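Notes for the one structure printed next.
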Amino acid sequence: MEEQQQFILLLNSLLSPDNAARKQAEETYETIPGPSKITFLLQAIRNAAVAEEARQMAAVLLRRLLSSSFDEVFPSLSADVQNAIKSELILAIQVETQTSIRKKICDIVAELARNLIDEDGNNHWLEALKFLFDSVNSQDLGLREAALHIFWNFPGIFGNQQQHYMDVIKRMLVQCMQDQENLTIRTLSARAAAAFILANDHNIPLIKHFTDILPGILQVTNESCYQNDDMVLKSLVEIAENVPKYLRPHLESTLQLSLKLCADTSLSNMQRQLALEVIVTLSETAAAMLRKHTSILSQSVPQMLAMMVDLEDDEDWGNADELQDDDFDSNAVAGESALDRMACGLGGKIVLPMIKEHIMQMLQNSDWKYRHAGLMALSAIGEGCHQQMEGILNEIVNFVLLFLQDAHPRVRYAACNAVGQMATDFAPGFQKKFHEKVIVALLQTMEDQANPRVQAHAAAALINFTEDCPKSLLVPYLDNLITHLHSIMLAKLQELIQKGTKLVLEQVVTSIASVADTAEEKFVPYYDLFMPSLKHIVENAVQKELRLLRGKTIECISLIGLAVGKDKFMQDASDVMQLLLRTQTDFNDVEDDDPQISYMISAWARMCKILGKEFQQYLPVVMGPLIKTASIKPEVALLDTQDMETMGDDGWEFVSLGDQQSFGIKTAGLEEKATACQMLVCYAKELKEGFVEYTEQVVKLMVPLLKFYFHDGVRVAAAESMPLLLECARVRGPEYLTQMWHFMCDAFIKAIGTEPDLDVLSEVMHSFAKCIEVMGDGCLNNEHFEELGVILTDKLKEHFKNQELRQAKRQDEDYDEQVEESLQDEDDNDVYVLTKVSDVLHSLFSSYKDKVLPWFERLLPLIVDLIGSHRPWPDRQWGLCIFDDIIEHCSPTSFKYAEFFLRPMMQSICDSSPEVRQASAYGIGVMAQFGGDSYRPFCTEALPQMVGVIQAADSKTKENINATENCISAVGKIMKFRPDCVNVDEVLPHWLSWLPLQEDKEEAVHTLSYLCDLIESNHPTVLGPNNSNLPNILRIISEGFGNESFKNDDACGKRLSNVVRQVQGSGQLWTECVSHLNTTQLKALQDLLAIA
C-alpha cells in the first residue's frame, strides 16, 4: 500500500512544472521494473481518490508501456496476472464515470488488443470482442461510446475473423450512424467506419461492400462541423488521400459537401480549409476520376481565390525588416497552396480555362487585395499549367509587368513574385524571350526606396531570373545591372550603419552573387567594385541579428571568386581565407540553428574549387565543424495518434505507419547535414590524394548514411563519395584500398536492393559501377556476386512487372491523356533505372572480361527479353547496349550467345527508333574491332544496311544524327579491322565525304584516328591523284577541331596537327588547300597550329 502511495507521489512529480523535479521523477520511473509498472499504473487509474490529472497521466503511461515494450513486459507475466489485467481494464471502462479517463482506458484496451493478435491473425483476447458486441448494443451511452472508440483506435481487432464478422461490423456501424438522439455516437461511428476503410485500403471487395455507408459518413461530416468538431472531416481527407476509389460511387456528393463547407464563412478557417483539402487531395490522388466532374471542380476555383483575398491591411508592411514566415493557417496561404496543388494534380488543360477569366477580372479590381490575389494565383498555377501558359506567355508577361508600377506596394510585391516564379517555371525560354523587358522593369522596381520589402522581392525575382539565364543573354546587360546593384548595395550599407535595416541588403548581396555565377569570367571587370564592401560586411556584421546577412555575403564572395577564377581572386584570397578562418574558430560555441553554418560549409567547398591543391593546408580547420554537421543525428519518435495530438508540429514531420501509429522526425539540421555531406564529396573530388588523411574518417561516416532514409540528399552524397574516396586512397597502396572497399562493398550492394527512391537508386548504382571500375578484376567475392545477381534479377523483373501494371492502368475506366502523361513519366523513371543496371553490367564486363559470363547467364533470359521485337524501344536500346558490352569486352567468347542477339541486332540497324539504330550500329563497330573471325559474315551483311541509314534524306536531323554517326564510325571500323569483309577502295571516298562527325565525340576520335592511319600510310584513295583530296582532308581536320571533336594535346590531336604542319611546309600546295576553306575553317586551323 505504501509503495502505491509512493507511486502516486511520483505521478504528481511527473506532472510538475519544475524541470528538475520532473527530470528526477522520470529517472525514478525508468528504474521501476515493467511488470510492477503495470500494477502500479492500473491501480492508480482505478483509484477514484487520485487526482484526475494523475490518473490521466497513469493511463497515458500504461498505453505507452504496452505500445513500446509489450514483448519485454507482458508475456513474462503469469497467465493469471495477464487475465486479471484484461478483466480489470474491461471492468474499469464499465465503472468509470469520467469521460476523459474512460477514453484513455479504451486506448489502453485497443493497444493491448493490438498486441494480442498473433502473426496468423488469431485474437488472444476474445473477452474484448464480446465486450465490444455487448457494449455497442448497450443502453448505456458511455459503453456504446467506449466500444466505438476502441474499434476506431484498432479497427483490426477482429483479426482473421474479420471476414466472418463483416456483416455484423457493417450493421453495428450503420446502426450507430443512425442514432438520431446522440451526435457523439454518430460522430464516433463515422470516424470508426473511416478508420476501418483506411485499415483495409487494399481489400477491394470490402471497400465495395462498405460503399453504401459513405452517405452516412458524409451526413455526419456535415453535422459535426456545425458542432465545431472537424474530426470526421479529417477522416474524409485521409480517405481522399489513401482510398480515393472508395469515394467514386458518391464522388459528386463528396465534392458538393466539401464545396458547401468551404464556402460557409460561419465555419472556422481550419474547417473551411479542411473541406477544400478533400478536393485538392483528390486532385492529386485520383486526378483522372476527378476530371470527369469539371463542372463542380470549376466551382472550387472561386473558393480558393476568395480565400486568397482574405488579407489584413498593415500600414507597416512595406518597411518590415524581418521576413516573417507565411502564416500557414491563414486562408490566403491555404488558398494559394490549394491552387498550386490542384493545377499540378489535374493539369493545365483542365485548370487554366477554369481560372483564366477569374484572374483577369481580379487584376482589374479597384481593391488591392483582389489584384494581389490575382497575381499570386498566376504564380501558383505556373508549374501545373506550364504547357498551356507557354502559348500565351507573351500576353501574361506584358500584363504582369504593368503591375510592377501599381499604386499599392503589396500588389507590386505580388507582381515581383509572379515574375520570379515565371522565371523559374518557364526557364530558359522565359529569359530568352523577355530578358529586355524583365531586367529593366525589375531594376526599376528595386529603386522603390519607400518600400524595402518590395525592393527586396524585386531583388529576389532578379535572382530567379539570372540563375537560369543563359550567359550570352545576360552579358549585354552587365553594365546596367552592376551600376544598379552597386548603388543599391552602397545605399543599403549606409542604411545598415545608420538604422540597422538589412532586408534589402541581404537580397542584393545574393543578386550580385547570382549575376556573378551566371556571368563567370565576364564579371572580372566589376570584381574590384564589390569585393572591398563585401569583405567589410563579413568583417563587421558580427551581431546576432546580422548572421543571415553575413552568411549570404560569405556565399557571395565565394561565388564571385569561383566566377572570376583563381588568377583574379588570388589578390583577395588570403584576406578572405583569414576572415573565414576567424569565423570558423568562433563556430565552436555557435548555436545549432545559426544560418551562417551552411553558408560557411558551402563557401569552404567553393574556396577548395578555386584554390585546388593549395586548399589542402586549410583542411585541419575546416574538417572538424564539417564532420560535426555531417554527423548530426535527427531526433526521431514513434508516436500514436494521442501522442501526436499533444506534440504539435513545431519542426516535426510525421509519416503515418497505419494502426494509429506515426513516425516523427525533427527536421532541424537535416538540410545542413545534407549540405555538409555534399561538401565532403566536393573535397574528395577536388583534392584527390590530398584528402587521403581524412578518407578513413569520412568512409566510416558515409557508409552507414546509405541507409539514412530521412533525407534523399544525404544518401546521394554517401553514394557519390564512395568511388571518390577510393580514388583518394589509391596513394596508400593496394592493401589499404582493398580494406576500404571491403568496408563499403556489402552496404553498397544492400543499398541497391533496398533503396526506395528511384533517383537515389540510380545514383547508388552509378557510383557502385564506378567503384568496380576503380577496383577492377577480383573486387567481388562469390557472396557479392550471388547477392548482386538476385538484386539485378529483381530489378529487371520489376521493370517488366511495372510495364504490365501501366498497361493495366491504360484499361482503367478513368484512363485519359493526362493519365498517359503520368504513365510516360513513370516509364521514363523505370528506363532510367534500366540504364543503371546497364552501367553495373558494363563495369563488370570491362573489369572481369569473359570470366564474368557464367555468372551473367542467370540474367541472360531477361536481357534477351529486353531486345524482343514486341518490347518498347528503350528496352531494346538498353538490351542491345548490354550485348554491345559483351561483344566489346568478352570476345571471342561472346559468340556463344550469338543465337540470342545477332538477328535482333542486324534487324535493328534500320529500326524506326534512332536510339535502337545507334545501339545496333555501335555493336557492329565493336564486332569488327574486337569480335574475332566468327563475326566476319555479319560485318559484311551489316555494311549496306548502315550505308542506307547514312544516306537517308533525314539522316542528319537532330534526332537521327547520333545513330547516323555511329553507322559512319562502324563502317570505318569494318574497313580498319576487317578489310577482308569489304571493298575498302570503293567505300573510302563515300566514307570521307561523311566526315567529320559533329555530335558523338567518342566515335569522332575513332574516325579521325583511322583517317590519320590512312594519311600516314599515304593511302592513294585518301590522298587522291596529285594530292587532290588534301583540301578536303584539311576541311575535315579544321571542322573537327572547331567542333572540339579532338583536343590538340591528345594522341589523335598531335597526329592531326602533324598532318597540317606537313602540308603547311609544302608552299604552293598549302596555299592551294587553304583557298578552299571558309574563314571559320581557316581560323580553326590557325588556332590548332598556334597551340600545337
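Ligands are numbered from 1 in the order shown, chains are lettered A, B, ... in the order of the C-alpha cells, and residues start at 1 in each chain.
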
Task: Shell around segment 623-635 of chain A at 6 Å using only C-alpha atoms, local window under 5 positions removed, as a PyMOL selection string - done: chain A and resi 665-666+673+676-677

Original post:
Hey, what's within 10 Å of Ser846 of chain A if we count only C-alpha atoms and toss same-chain stuff fewer than 4 positions away? As a list in words, please?
Top reply: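 Those residues are Ile772, Glu773, Gly776, Asp777, Leu841, His842, Asp850, Val852, Asp885, Ile886, Glu888, His889 and Cys890 of chain A.
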
Output file for the residues above (C-alpha atoms, as a PDB file, in the first residue's frame):
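So the final result, stored in selection_29.pdb, reads:
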```pdb
ATOM      1  CA  ILE A 772      34.029  -1.628 -59.637  1.00  0.00           C
ATOM      2  CA  GLU A 773      35.889   0.204 -62.406  1.00  0.00           C
ATOM      3  CA  GLY A 776      38.854  -3.939 -61.151  1.00  0.00           C
ATOM      4  CA  ASP A 777      39.047  -7.711 -61.527  1.00  0.00           C
ATOM      5  CA  LEU A 841      26.949  -4.768 -66.032  1.00  0.00           C
ATOM      6  CA  HIS A 842      29.285  -2.600 -68.134  1.00  0.00           C
ATOM      7  CA  ASP A 850      34.724 -13.209 -70.089  1.00  0.00           C
ATOM      8  CA  VAL A 852      32.010 -12.980 -65.521  1.00  0.00           C
ATOM      9  CA  ASP A 885      29.434  -4.523 -73.948  1.00  0.00           C
ATOM     10  CA  ILE A 886      29.639  -8.330 -74.057  1.00  0.00           C
ATOM     11  CA  GLU A 888      33.438  -5.420 -76.760  1.00  0.00           C
ATOM     12  CA  HIS A 889      34.845  -6.876 -73.535  1.00  0.00           C
ATOM     13  CA  CYS A 890      34.187 -10.625 -73.654  1.00  0.00           C
TER      14      CYS A 890
END
```

A straight line from atom CA of Asp816 of chain A to atom CA of Lys292 of chain A spans 10.1 Å

Go through segment 150-230 of chain A and flag each residue having an atom no more than 8 Å from segment 109-117 of chain A; for those, report the closest pair of atoms plus their distance in Å to one decimal, using only C-alpha atoms, ordered by chain and rising number, as a tab-separated table.
```
residue	atom	partner	partner_atom	distance
A:Ile150	CA	A:Ala110	CA	5.3
A:Phe151	CA	A:Ala110	CA	7.6
A:Asn153	CA	A:Ala110	CA	6.1
A:Phe154	CA	A:Ala110	CA	5.6
A:Gly156	CA	A:Arg114	CA	7.6
A:Ile157	CA	A:Ala113	CA	6.5
A:Gly159	CA	A:Ile117	CA	6.6
```

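Distances here use only C-alpha atoms; by that measure, the residue among A:Ile882, A:Ala306, A:Met765, A:Ala190 closest to Gly923 of chain A is A:Ile882.
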
Selection near Trp994 of chain A, 12 Å with only C-alpha atoms, sequence-local residues under 2 positions removed, as an mmCIF file with all heavy atoms, in the first residue's frame:
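Saved file out_34.cif follows:
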```cif
data_model
loop_
_atom_site.group_PDB
_atom_site.id
_atom_site.type_symbol
_atom_site.label_atom_id
_atom_site.label_comp_id
_atom_site.auth_asym_id
_atom_site.auth_seq_id
_atom_site.Cartn_x
_atom_site.Cartn_y
_atom_site.Cartn_z
ATOM 1 N N VAL A 947 25.074 1.842 -94.677
ATOM 2 C CA VAL A 947 25.222 2.872 -95.725
ATOM 3 C C VAL A 947 23.838 3.455 -96.064
ATOM 4 O O VAL A 947 23.680 4.667 -96.234
ATOM 5 C CB VAL A 947 25.900 2.280 -96.982
ATOM 6 C CG1 VAL A 947 25.837 3.274 -98.154
ATOM 7 C CG2 VAL A 947 27.347 1.909 -96.674
ATOM 8 N N ILE A 950 22.971 5.953 -93.419
ATOM 9 C CA ILE A 950 23.780 7.178 -93.538
ATOM 10 C C ILE A 950 23.263 8.051 -94.683
ATOM 11 O O ILE A 950 23.224 9.284 -94.579
ATOM 12 C CB ILE A 950 25.270 6.820 -93.770
ATOM 13 C CG1 ILE A 950 25.832 6.063 -92.554
ATOM 14 C CG2 ILE A 950 26.102 8.066 -94.048
ATOM 15 C CD1 ILE A 950 27.117 5.287 -92.835
ATOM 16 N N GLN A 951 22.844 7.402 -95.776
ATOM 17 C CA GLN A 951 22.471 8.172 -96.968
ATOM 18 C C GLN A 951 20.996 8.565 -96.995
ATOM 19 O O GLN A 951 20.556 9.231 -97.934
ATOM 20 C CB GLN A 951 22.835 7.353 -98.218
ATOM 21 C CG GLN A 951 24.352 7.215 -98.370
ATOM 22 C CD GLN A 951 24.751 6.416 -99.592
ATOM 23 O OE1 GLN A 951 23.962 5.615 -100.113
ATOM 24 N NE2 GLN A 951 25.975 6.630 -100.073
ATOM 25 N N SER A 955 18.986 11.776 -92.447
ATOM 26 C CA SER A 955 19.969 11.144 -91.546
ATOM 27 C C SER A 955 20.690 12.158 -90.647
ATOM 28 O O SER A 955 21.230 11.792 -89.613
ATOM 29 C CB SER A 955 21.003 10.372 -92.366
ATOM 30 O OG SER A 955 21.784 11.268 -93.133
ATOM 31 N N LYS A 956 20.716 13.437 -91.070
ATOM 32 C CA LYS A 956 21.464 14.425 -90.278
ATOM 33 C C LYS A 956 20.568 15.272 -89.363
ATOM 34 O O LYS A 956 21.016 16.224 -88.748
ATOM 35 C CB LYS A 956 22.238 15.372 -91.220
ATOM 36 C CG LYS A 956 23.352 14.676 -92.019
ATOM 37 C CD LYS A 956 24.509 14.274 -91.117
ATOM 38 C CE LYS A 956 25.586 13.497 -91.853
ATOM 39 N NZ LYS A 956 26.425 14.310 -92.719
ATOM 40 N N ILE A 961 20.973 12.127 -85.892
ATOM 41 C CA ILE A 961 22.411 12.324 -86.135
ATOM 42 C C ILE A 961 23.291 11.338 -85.365
ATOM 43 O O ILE A 961 24.265 10.806 -85.896
ATOM 44 C CB ILE A 961 22.824 13.803 -85.849
ATOM 45 C CG1 ILE A 961 24.286 14.056 -86.231
ATOM 46 C CG2 ILE A 961 22.602 14.181 -84.403
ATOM 47 C CD1 ILE A 961 24.537 14.070 -87.702
ATOM 48 N N THR A 964 23.248 7.967 -87.032
ATOM 49 C CA THR A 964 23.979 8.068 -88.308
ATOM 50 C C THR A 964 25.481 8.054 -88.058
ATOM 51 O O THR A 964 26.232 7.335 -88.734
ATOM 52 C CB THR A 964 23.567 9.370 -89.038
ATOM 53 O OG1 THR A 964 22.152 9.346 -89.229
ATOM 54 C CG2 THR A 964 24.277 9.506 -90.371
ATOM 55 N N GLU A 965 25.937 8.839 -87.087
ATOM 56 C CA GLU A 965 27.377 8.921 -86.829
ATOM 57 C C GLU A 965 27.938 7.602 -86.310
ATOM 58 O O GLU A 965 29.084 7.247 -86.591
ATOM 59 C CB GLU A 965 27.672 10.072 -85.860
ATOM 60 C CG GLU A 965 27.404 11.412 -86.511
ATOM 61 C CD GLU A 965 27.929 12.618 -85.735
ATOM 62 O OE1 GLU A 965 28.244 12.490 -84.529
ATOM 63 O OE2 GLU A 965 28.027 13.693 -86.346
ATOM 64 N N ASN A 966 27.143 6.848 -85.546
ATOM 65 C CA ASN A 966 27.606 5.528 -85.111
ATOM 66 C C ASN A 966 27.727 4.572 -86.301
ATOM 67 O O ASN A 966 28.611 3.715 -86.315
ATOM 68 C CB ASN A 966 26.685 4.959 -84.033
ATOM 69 C CG ASN A 966 27.116 5.376 -82.637
ATOM 70 O OD1 ASN A 966 27.802 4.634 -81.938
ATOM 71 N ND2 ASN A 966 26.743 6.584 -82.235
ATOM 72 N N CYS A 967 26.831 4.728 -87.275
ATOM 73 C CA CYS A 967 26.953 3.931 -88.500
ATOM 74 C C CYS A 967 28.243 4.292 -89.256
ATOM 75 O O CYS A 967 28.968 3.413 -89.727
ATOM 76 C CB CYS A 967 25.748 4.157 -89.415
ATOM 77 S SG CYS A 967 24.241 3.332 -88.853
ATOM 78 N N ILE A 968 28.522 5.598 -89.376
ATOM 79 C CA ILE A 968 29.737 6.054 -90.076
ATOM 80 C C ILE A 968 30.980 5.485 -89.388
ATOM 81 O O ILE A 968 31.901 4.962 -90.025
ATOM 82 C CB ILE A 968 29.798 7.605 -90.107
ATOM 83 C CG1 ILE A 968 28.648 8.161 -90.946
ATOM 84 C CG2 ILE A 968 31.145 8.093 -90.644
ATOM 85 C CD1 ILE A 968 28.414 9.670 -90.797
ATOM 86 N N SER A 969 30.978 5.559 -88.036
ATOM 87 C CA SER A 969 32.118 5.048 -87.276
ATOM 88 C C SER A 969 32.256 3.538 -87.472
ATOM 89 O O SER A 969 33.365 3.016 -87.639
ATOM 90 C CB SER A 969 31.937 5.377 -85.796
ATOM 91 O OG SER A 969 33.021 4.872 -85.045
ATOM 92 N N VAL A 971 31.303 1.740 -90.037
ATOM 93 C CA VAL A 971 31.842 1.488 -91.384
ATOM 94 C C VAL A 971 33.359 1.651 -91.354
ATOM 95 O O VAL A 971 34.113 0.833 -91.912
ATOM 96 C CB VAL A 971 31.199 2.435 -92.424
ATOM 97 C CG1 VAL A 971 31.919 2.344 -93.769
ATOM 98 C CG2 VAL A 971 29.719 2.108 -92.590
ATOM 99 N N GLY A 972 33.839 2.714 -90.679
ATOM 100 C CA GLY A 972 35.286 2.942 -90.547
ATOM 101 C C GLY A 972 35.971 1.782 -89.836
ATOM 102 O O GLY A 972 37.054 1.332 -90.239
ATOM 103 N N VAL A 987 34.540 1.925 -100.836
ATOM 104 C CA VAL A 987 33.780 2.580 -99.763
ATOM 105 C C VAL A 987 34.453 3.871 -99.287
ATOM 106 O O VAL A 987 33.776 4.828 -98.891
ATOM 107 C CB VAL A 987 33.581 1.596 -98.575
ATOM 108 C CG1 VAL A 987 32.868 2.280 -97.405
ATOM 109 C CG2 VAL A 987 32.790 0.377 -99.020
ATOM 110 N N LEU A 988 35.805 3.905 -99.341
ATOM 111 C CA LEU A 988 36.538 5.028 -98.741
ATOM 112 C C LEU A 988 36.091 6.422 -99.210
ATOM 113 O O LEU A 988 35.877 7.312 -98.379
ATOM 114 C CB LEU A 988 38.042 4.871 -98.989
ATOM 115 C CG LEU A 988 38.866 4.353 -97.797
ATOM 116 C CD1 LEU A 988 40.328 4.249 -98.161
ATOM 117 C CD2 LEU A 988 38.705 5.271 -96.580
ATOM 118 N N PRO A 989 35.934 6.660 -100.532
ATOM 119 C CA PRO A 989 35.526 8.023 -100.941
ATOM 120 C C PRO A 989 34.200 8.452 -100.306
ATOM 121 O O PRO A 989 34.030 9.604 -99.900
ATOM 122 C CB PRO A 989 35.398 7.904 -102.465
ATOM 123 C CG PRO A 989 36.221 6.721 -102.838
ATOM 124 C CD PRO A 989 36.164 5.780 -101.681
ATOM 125 N N HIS A 990 33.261 7.496 -100.223
ATOM 126 C CA HIS A 990 31.975 7.819 -99.578
ATOM 127 C C HIS A 990 32.201 8.167 -98.099
ATOM 128 O O HIS A 990 31.666 9.146 -97.589
ATOM 129 C CB HIS A 990 31.014 6.621 -99.671
ATOM 130 C CG HIS A 990 30.637 6.264 -101.068
ATOM 131 N ND1 HIS A 990 29.779 7.028 -101.828
ATOM 132 C CD2 HIS A 990 31.023 5.225 -101.854
ATOM 133 C CE1 HIS A 990 29.628 6.475 -103.014
ATOM 134 N NE2 HIS A 990 30.381 5.375 -103.055
ATOM 135 N N TRP A 991 32.994 7.320 -97.473
ATOM 136 C CA TRP A 991 33.228 7.489 -96.020
ATOM 137 C C TRP A 991 33.847 8.859 -95.718
ATOM 138 O O TRP A 991 33.430 9.545 -94.791
ATOM 139 C CB TRP A 991 34.144 6.347 -95.546
ATOM 140 C CG TRP A 991 34.363 6.307 -94.055
ATOM 141 C CD1 TRP A 991 33.483 5.893 -93.111
ATOM 142 C CD2 TRP A 991 35.546 6.691 -93.344
ATOM 143 N NE1 TRP A 991 34.034 5.977 -91.850
ATOM 144 C CE2 TRP A 991 35.309 6.470 -91.961
ATOM 145 C CE3 TRP A 991 36.797 7.190 -93.741
ATOM 146 C CZ2 TRP A 991 36.259 6.736 -90.982
ATOM 147 C CZ3 TRP A 991 37.746 7.450 -92.755
ATOM 148 C CH2 TRP A 991 37.472 7.228 -91.398
ATOM 149 N N LEU A 992 34.826 9.254 -96.546
ATOM 150 C CA LEU A 992 35.467 10.567 -96.345
ATOM 151 C C LEU A 992 34.452 11.699 -96.479
ATOM 152 O O LEU A 992 34.513 12.697 -95.757
ATOM 153 C CB LEU A 992 36.598 10.776 -97.375
ATOM 154 C CG LEU A 992 37.890 9.976 -97.128
ATOM 155 C CD1 LEU A 992 38.825 10.105 -98.303
ATOM 156 C CD2 LEU A 992 38.577 10.488 -95.848
ATOM 157 N N PRO A 996 33.620 15.420 -90.976
ATOM 158 C CA PRO A 996 33.864 14.827 -89.672
ATOM 159 C C PRO A 996 32.525 14.590 -88.935
ATOM 160 O O PRO A 996 31.503 15.141 -89.321
ATOM 161 C CB PRO A 996 34.666 15.894 -88.946
ATOM 162 C CG PRO A 996 34.108 17.178 -89.477
ATOM 163 C CD PRO A 996 33.761 16.894 -90.920
ATOM 164 N N LEU A 997 32.597 13.771 -87.890
ATOM 165 C CA LEU A 997 31.421 13.597 -87.035
ATOM 166 C C LEU A 997 31.268 14.845 -86.163
ATOM 167 O O LEU A 997 32.245 15.399 -85.672
ATOM 168 C CB LEU A 997 31.575 12.357 -86.139
ATOM 169 C CG LEU A 997 31.871 11.023 -86.849
ATOM 170 C CD1 LEU A 997 31.733 9.869 -85.869
ATOM 171 C CD2 LEU A 997 30.939 10.793 -88.033
ATOM 172 N N GLN A 998 30.015 15.247 -85.966
ATOM 173 C CA GLN A 998 29.754 16.506 -85.243
ATOM 174 C C GLN A 998 29.333 16.280 -83.785
ATOM 175 O O GLN A 998 29.680 17.052 -82.907
ATOM 176 C CB GLN A 998 28.625 17.291 -85.941
ATOM 177 C CG GLN A 998 28.887 17.642 -87.381
ATOM 178 C CD GLN A 998 29.919 18.745 -87.535
ATOM 179 O OE1 GLN A 998 30.092 19.569 -86.652
ATOM 180 N NE2 GLN A 998 30.625 18.739 -88.649
ATOM 181 N N ALA A 1004 33.977 10.225 -82.954
ATOM 182 C CA ALA A 1004 34.742 11.143 -83.817
ATOM 183 C C ALA A 1004 36.234 10.844 -83.715
ATOM 184 O O ALA A 1004 36.957 10.848 -84.723
ATOM 185 C CB ALA A 1004 34.458 12.588 -83.416
ATOM 186 N N THR A 1007 37.112 7.754 -85.777
ATOM 187 C CA THR A 1007 37.145 8.006 -87.227
ATOM 188 C C THR A 1007 38.391 8.819 -87.603
ATOM 189 O O THR A 1007 39.045 8.526 -88.604
ATOM 190 C CB THR A 1007 35.883 8.763 -87.689
ATOM 191 O OG1 THR A 1007 35.752 9.961 -86.939
ATOM 192 C CG2 THR A 1007 34.635 7.922 -87.509
ATOM 193 N N LEU A 1008 38.726 9.823 -86.792
ATOM 194 C CA LEU A 1008 39.884 10.668 -87.123
ATOM 195 C C LEU A 1008 41.194 9.910 -86.943
ATOM 196 O O LEU A 1008 42.160 10.135 -87.671
ATOM 197 C CB LEU A 1008 39.859 11.946 -86.269
ATOM 198 C CG LEU A 1008 38.708 12.907 -86.606
ATOM 199 C CD1 LEU A 1008 38.581 14.020 -85.566
ATOM 200 C CD2 LEU A 1008 38.881 13.515 -87.994
ATOM 201 N N ASN A 1032 40.133 18.693 -98.905
ATOM 202 C CA ASN A 1032 39.018 18.066 -98.180
ATOM 203 C C ASN A 1032 39.493 17.545 -96.831
ATOM 204 O O ASN A 1032 38.791 17.659 -95.806
ATOM 205 C CB ASN A 1032 38.427 16.927 -99.029
ATOM 206 C CG ASN A 1032 37.137 16.395 -98.407
ATOM 207 O OD1 ASN A 1032 36.366 17.150 -97.823
ATOM 208 N ND2 ASN A 1032 36.929 15.096 -98.493
ATOM 209 N N ILE A 1033 40.709 16.971 -96.790
ATOM 210 C CA ILE A 1033 41.254 16.462 -95.525
ATOM 211 C C ILE A 1033 41.450 17.612 -94.541
ATOM 212 O O ILE A 1033 41.098 17.500 -93.351
ATOM 213 C CB ILE A 1033 42.583 15.702 -95.777
ATOM 214 C CG1 ILE A 1033 42.271 14.367 -96.473
ATOM 215 C CG2 ILE A 1033 43.338 15.459 -94.473
ATOM 216 C CD1 ILE A 1033 43.480 13.635 -97.005
ATOM 217 N N ARG A 1035 39.805 20.373 -94.527
ATOM 218 C CA ARG A 1035 38.451 20.788 -94.098
ATOM 219 C C ARG A 1035 37.961 19.900 -92.947
ATOM 220 O O ARG A 1035 37.438 20.390 -91.937
ATOM 221 C CB ARG A 1035 37.474 20.691 -95.282
ATOM 222 C CG ARG A 1035 36.008 20.929 -94.891
ATOM 223 C CD ARG A 1035 35.033 20.507 -95.985
ATOM 224 N NE ARG A 1035 35.006 19.085 -96.251
ATOM 225 C CZ ARG A 1035 34.384 18.181 -95.478
ATOM 226 N NH1 ARG A 1035 33.739 18.560 -94.384
ATOM 227 N NH2 ARG A 1035 34.409 16.889 -95.794
ATOM 228 N N ILE A 1036 38.159 18.580 -93.116
ATOM 229 C CA ILE A 1036 37.716 17.638 -92.074
ATOM 230 C C ILE A 1036 38.427 17.944 -90.758
ATOM 231 O O ILE A 1036 37.808 18.011 -89.687
ATOM 232 C CB ILE A 1036 37.995 16.176 -92.516
ATOM 233 C CG1 ILE A 1036 37.087 15.805 -93.700
ATOM 234 C CG2 ILE A 1036 37.779 15.208 -91.352
ATOM 235 C CD1 ILE A 1036 37.471 14.493 -94.385
#
```

Residues within 9 Å of Leu352 of chain A, only C-alpha atoms, excluding chain neighbours under 6 positions, as a list of chain:residue names:
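Once the adjacent positions are removed, what remains is A:Ala343, A:Ile381, A:Cys385, A:Gln388, A:Met389.
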
Notebook entry, point to check: Per DSSP on the backbone, what are the helix (DSSP H, G or I) residues of segment 327-568 of chain A, as number ranges by chain?
Noted result: A: 331-346, 348-363, 368-381, 386-390, 393-405, 409-425, 429-445, 452-467, 471-499, 503-540, 544-564, 566-568

Near segment 452-456 of chain A, counting only C-alpha atoms, which residues have an atom at most 6 Å away, once you skip same-chain residues fewer than 3 positions from it, shown as a PDB file with N, CA and C atoms, in the first residue's frame?
```pdb
ATOM      1  N   GLY A 318       5.309  47.450 -45.671  1.00  0.00           N
ATOM      2  CA  GLY A 318       6.376  47.765 -46.634  1.00  0.00           C
ATOM      3  C   GLY A 318       7.725  47.993 -46.005  1.00  0.00           C
ATOM      4  N   ASN A 319       7.740  48.352 -44.705  1.00  0.00           N
ATOM      5  CA  ASN A 319       9.019  48.670 -44.042  1.00  0.00           C
ATOM      6  C   ASN A 319       9.538  47.557 -43.147  1.00  0.00           C
ATOM      7  N   TYR A 413       4.643  43.931 -54.965  1.00  0.00           N
ATOM      8  CA  TYR A 413       5.319  42.758 -54.379  1.00  0.00           C
ATOM      9  C   TYR A 413       4.820  41.471 -55.067  1.00  0.00           C
ATOM     10  N   MET A 446      13.462  47.862 -58.053  1.00  0.00           N
ATOM     11  CA  MET A 446      14.443  47.821 -56.948  1.00  0.00           C
ATOM     12  C   MET A 446      14.785  49.208 -56.416  1.00  0.00           C
ATOM     13  N   ASP A 448      12.554  51.269 -55.398  1.00  0.00           N
ATOM     14  CA  ASP A 448      11.403  51.667 -54.569  1.00  0.00           C
ATOM     15  C   ASP A 448      11.837  51.863 -53.113  1.00  0.00           C
ATOM     16  N   ALA A 459      14.590  42.157 -55.949  1.00  0.00           N
ATOM     17  CA  ALA A 459      15.936  41.556 -55.986  1.00  0.00           C
ATOM     18  C   ALA A 459      15.833  40.032 -56.021  1.00  0.00           C
ATOM     19  N   VAL A 504      16.902  44.399 -47.500  1.00  0.00           N
ATOM     20  CA  VAL A 504      17.210  44.596 -48.923  1.00  0.00           C
ATOM     21  C   VAL A 504      18.664  44.220 -49.192  1.00  0.00           C
ATOM     22  N   GLN A 507      19.192  40.577 -49.796  1.00  0.00           N
ATOM     23  CA  GLN A 507      18.787  40.102 -51.123  1.00  0.00           C
ATOM     24  C   GLN A 507      19.707  40.632 -52.213  1.00  0.00           C
TER      25      GLN A 507
END
```

Practice prompt. Give the answer as one residue: which of A:Thr285, A:Gln449, A:Ser87, A:Ser913 has the shortest atom-to-atom distance to Gln877 of chain A, using only C-alpha atoms?
Written response: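 That would be A:Ser913, the residue with the smallest distance to Gln877 of chain A.
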
| Excluding same-chain residues fewer than 2 positions from segment 778-790 of chain A, what lies within 9 Å of it counting only C-alpha atoms, as number ranges by chain? | A: 738, 741-742, 745-746, 749-750, 752-753, 772, 775-776, 792-795, 847-848, 855-856, 858-859

Next on the checklist: At a cut-off of 10 Å, using only C-alpha atoms, what residues contact segment 74-79 of chain A? Leave out same-chain residues fewer than 5 positions from it and give the result as a PyMOL selection string.
Outcome noted: chain A and resi 34-35+38+65-66+69+84-85+112+115-116

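Here atom CA of Ile108 of chain A is placed at a distance of 12.7 Å from atom CA of Ala147 of chain A.
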